[in-house]
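Only one structure is covered here, and it is reproduced in the block below.
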Amino acid sequence: MRVANKILVLALLAAPYVAHAQIGFYLPCSGSKARSEGRTRDISDDLKVNTVGMLIDDIEDRYCVTPAKCVALGFCKASSPKEQAAADRSNPEAAAERARLERERQRREAQAERQRQAAEGERIRKAAEVASETQRLGSHREAEARRLVEMREAAAKARGGARPAGPALSGQPPAGQDDAATAARKRREALEAERAERERAEAEAKKKREEELRTHLAAERAGIRLRALKCGGQDTVTGVRPAVSPRIANCISVHYEARCPGVPRGQGIQRVFANFVGGDSCYGDTQKLSPPLACKPENAIVDVHSVTVCGW
């Protein structure tokens, strides 16, 4: 009974501290701004972005998107036909792009399989050539050794029957040992040549992929058109993304500057439009400007500085 009373007294003494304790934690995309704009999906993990140390407002501006945009970017699956239709409206090319990407994937897989089969056939052919050459050299060495032995025996008979010294006594390696060493050397040379060819092909393929990506991003930058407008009483940036084909990078970020007439380049509002898909209206892909422009949005100049792959 005394123990129970002590516990009750301790609980009553600790109650005020527990009542006034503040325990804070953050749920992705739970800020008032993100919730009011319907941006409830966090795609930072899909982009493999480390957000440790970033401000919550920056995280939500960059990586919190609407469910429709998440589907349009390919990071989410539509939970209903209505949500899929909304995603297609935000990016009219999404459905066609998904079908094209699927065809491209199948084509690349078929091409990779053909290349693998061709490489395997070439490897088998080279191995057969190496084996044939090794066998030929071995037969040649054996015939040469037999001829030398016969010549020594003939010379010995001519000198009076003395038997010539064998390979062990003459300091020369036996024919069989010489043949094995030659075959091993040939095998090593063939393997080294095959490895060098494989490394060269991989380096060329990597260089080609990097060049294709640079060309694609340059075409995106040349074709993207951004503009400022009022959406819900706030200065907003939206724009059009070109239909670059083939689309090497599906998810891109647009680095831009919004400025009023008369403001020098580099002194305007510089932002990054992450996960840009386009839309060119208040109902498409938009980004709020903070601080607001000092002029009417329709008079503002929006320059695209660069285009990168999401997460770069």
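Letters A, B, ... go to the chains of the structure tokens in the order shown; residues in each chain start at 1; ligands are counted from 1 in the same order.
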
List the neighbours of Leu226 (chain A) out to 8 Å using only C-alpha atoms; skip same-chain residues closer than 3 positions along the sequence, and give me the result as a PyMOL selection string.
-> chain A and resi 237-240+280+302-304

Those residues with N, CA and C atoms, as a compact mmCIF listing (two decimals), in the first residue's frame please?
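The resulting again-v9.txt:
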# COMPACT_ATOMS: atom_id res chain seq x y z
N VAL A 237 5.98 30.53 -61.68
CA VAL A 237 6.68 30.20 -62.94
C VAL A 237 6.16 28.88 -63.46
N THR A 238 5.89 28.83 -64.74
CA THR A 238 5.47 27.59 -65.41
C THR A 238 6.12 27.58 -66.79
N GLY A 239 5.88 26.56 -67.56
CA GLY A 239 6.48 26.53 -68.89
C GLY A 239 6.20 25.25 -69.64
N VAL A 240 6.85 25.13 -70.80
CA VAL A 240 6.63 24.00 -71.71
C VAL A 240 7.93 23.21 -71.83
N ASP A 280 2.52 24.75 -68.61
CA ASP A 280 2.29 26.10 -69.12
C ASP A 280 0.95 26.68 -68.70
N VAL A 302 12.17 35.33 -67.94
CA VAL A 302 12.59 34.08 -67.29
C VAL A 302 13.58 33.38 -68.21
N ASP A 303 14.84 33.36 -67.79
CA ASP A 303 15.91 32.75 -68.58
C ASP A 303 16.24 31.36 -68.03
N VAL A 304 16.40 30.39 -68.93
CA VAL A 304 16.84 29.05 -68.55
C VAL A 304 18.36 29.01 -68.63

From a DSSP calculation on the backbone, collect every residue of region 202-240 of chain A in alpha helix (DSSP H) and output the set as a JSON list (two decimals) with N, CA, C and O atoms, in the first residue's frame.
[["chain", "number", "residue", "atom", "x", "y", "z"],
["A", 202, "GLU", "N", 33.76, -1.47, -73.30],
["A", 202, "GLU", "CA", 33.02, -0.86, -72.19],
["A", 202, "GLU", "C", 33.29, 0.63, -72.09],
["A", 202, "GLU", "O", 32.38, 1.42, -71.83],
["A", 203, "ALA", "N", 34.54, 1.03, -72.29],
["A", 203, "ALA", "CA", 34.88, 2.46, -72.24],
["A", 203, "ALA", "C", 34.18, 3.23, -73.36],
["A", 203, "ALA", "O", 33.66, 4.33, -73.15],
["A", 204, "GLU", "N", 34.15, 2.63, -74.56],
["A", 204, "GLU", "CA", 33.47, 3.29, -75.68],
["A", 204, "GLU", "C", 31.98, 3.40, -75.42],
["A", 204, "GLU", "O", 31.36, 4.43, -75.73],
["A", 205, "ALA", "N", 31.37, 2.36, -74.84],
["A", 205, "ALA", "CA", 29.93, 2.40, -74.54],
["A", 205, "ALA", "C", 29.62, 3.48, -73.50],
["A", 205, "ALA", "O", 28.63, 4.22, -73.63],
["A", 206, "LYS", "N", 30.48, 3.59, -72.46],
["A", 206, "LYS", "CA", 30.27, 4.62, -71.43],
["A", 206, "LYS", "C", 30.40, 6.01, -72.02],
["A", 206, "LYS", "O", 29.59, 6.90, -71.74],
["A", 207, "LYS", "N", 31.39, 6.21, -72.86],
["A", 207, "LYS", "CA", 31.59, 7.50, -73.51],
["A", 207, "LYS", "C", 30.40, 7.86, -74.39],
["A", 207, "LYS", "O", 29.95, 9.01, -74.42],
["A", 208, "LYS", "N", 29.86, 6.87, -75.09],
["A", 208, "LYS", "CA", 28.70, 7.11, -75.96],
["A", 208, "LYS", "C", 27.48, 7.50, -75.14],
["A", 208, "LYS", "O", 26.74, 8.41, -75.50],
["A", 209, "ARG", "N", 27.25, 6.80, -73.98],
["A", 209, "ARG", "CA", 26.10, 7.14, -73.13],
["A", 209, "ARG", "C", 26.23, 8.56, -72.59],
["A", 209, "ARG", "O", 25.24, 9.31, -72.55],
["A", 210, "GLU", "N", 27.44, 8.94, -72.15],
["A", 210, "GLU", "CA", 27.63, 10.30, -71.62],
["A", 210, "GLU", "C", 27.39, 11.34, -72.69],
["A", 210, "GLU", "O", 26.80, 12.39, -72.43],
["A", 211, "GLU", "N", 27.85, 11.08, -73.93],
["A", 211, "GLU", "CA", 27.65, 12.02, -75.01],
["A", 211, "GLU", "C", 26.17, 12.14, -75.38],
["A", 211, "GLU", "O", 25.67, 13.25, -75.63],
["A", 212, "GLU", "N", 25.46, 11.01, -75.37],
["A", 212, "GLU", "CA", 24.02, 11.05, -75.66],
["A", 212, "GLU", "C", 23.28, 11.85, -74.59],
["A", 212, "GLU", "O", 22.35, 12.60, -74.91],
["A", 213, "LEU", "N", 23.68, 11.71, -73.31],
["A", 213, "LEU", "CA", 23.03, 12.46, -72.24],
["A", 213, "LEU", "C", 23.29, 13.96, -72.39],
["A", 213, "LEU", "O", 22.38, 14.78, -72.23],
["A", 214, "ARG", "N", 24.54, 14.34, -72.70],
["A", 214, "ARG", "CA", 24.86, 15.76, -72.90],
["A", 214, "ARG", "C", 24.05, 16.35, -74.05],
["A", 214, "ARG", "O", 23.51, 17.46, -73.95],
["A", 215, "THR", "N", 23.94, 15.59, -75.15],
["A", 215, "THR", "CA", 23.17, 16.07, -76.30],
["A", 215, "THR", "C", 21.70, 16.23, -75.94],
["A", 215, "THR", "O", 21.05, 17.21, -76.32],
["A", 216, "HIS", "N", 21.18, 15.26, -75.18],
["A", 216, "HIS", "CA", 19.76, 15.32, -74.78],
["A", 216, "HIS", "C", 19.49, 16.53, -73.89],
["A", 216, "HIS", "O", 18.51, 17.27, -74.12],
["A", 217, "LEU", "N", 20.33, 16.77, -72.88],
["A", 217, "LEU", "CA", 20.12, 17.90, -71.98],
["A", 217, "LEU", "C", 20.26, 19.23, -72.71],
["A", 217, "LEU", "O", 19.55, 20.20, -72.40],
["A", 218, "ALA", "N", 21.17, 19.29, -73.69],
["A", 218, "ALA", "CA", 21.31, 20.53, -74.47],
["A", 218, "ALA", "C", 20.04, 20.79, -75.28],
["A", 218, "ALA", "O", 19.59, 21.93, -75.39],
["A", 219, "ALA", "N", 19.44, 19.70, -75.84],
["A", 219, "ALA", "CA", 18.20, 19.86, -76.60],
["A", 219, "ALA", "C", 17.04, 20.29, -75.69],
["A", 219, "ALA", "O", 16.20, 21.11, -76.06],
["A", 220, "GLU", "N", 17.01, 19.73, -74.47],
["A", 220, "GLU", "CA", 15.98, 20.14, -73.50],
["A", 220, "GLU", "C", 16.13, 21.63, -73.18],
["A", 220, "GLU", "O", 15.15, 22.38, -73.17],
["A", 221, "ARG", "N", 17.35, 22.07, -72.91],
["A", 221, "ARG", "CA", 17.58, 23.47, -72.56],
["A", 221, "ARG", "C", 17.18, 24.39, -73.70],
["A", 221, "ARG", "O", 16.59, 25.46, -73.49],
["A", 222, "ALA", "N", 17.49, 23.99, -74.94],
["A", 222, "ALA", "CA", 17.16, 24.84, -76.08],
["A", 222, "ALA", "C", 15.65, 24.93, -76.31],
["A", 222, "ALA", "O", 15.15, 25.93, -76.82],
["A", 223, "GLY", "N", 14.91, 23.88, -75.91],
["A", 223, "GLY", "CA", 13.48, 23.85, -76.21],
["A", 223, "GLY", "C", 12.56, 24.29, -75.08],
["A", 223, "GLY", "O", 11.39, 24.58, -75.30]]

Quick one: everything within 12 Å of region 248-253 of chain A, counting only C-alpha atoms, minus sequence neighbours fewer than 3 positions away in the same chain. Send it as a PyMOL selection string.
-> chain A and resi 43+46-47+62-63+69-75+91+93-94+97-98+100-101+104-105+209-221+224+241-245+256+271-278+304-312

In Å and to one decimal, CA of Ala294 (chain A) is distant from CA of Val65 (chain A) by 27.4 Å

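For the residues A:Gly31, A:Gly38, A:Gly53, A:Gly121, ranking by smallest atom-to-atom distance to Pro67 (chain A) using only C-alpha atoms places A:Gly38 first.
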
Do you know which residues are at most 6 Å from Cys64 (chain A) counting only C-alpha atoms, after dropping those on the same chain fewer than 5 positions away, and could you put them as a PyMOL selection string?
-> chain A and resi 29+39+41-42
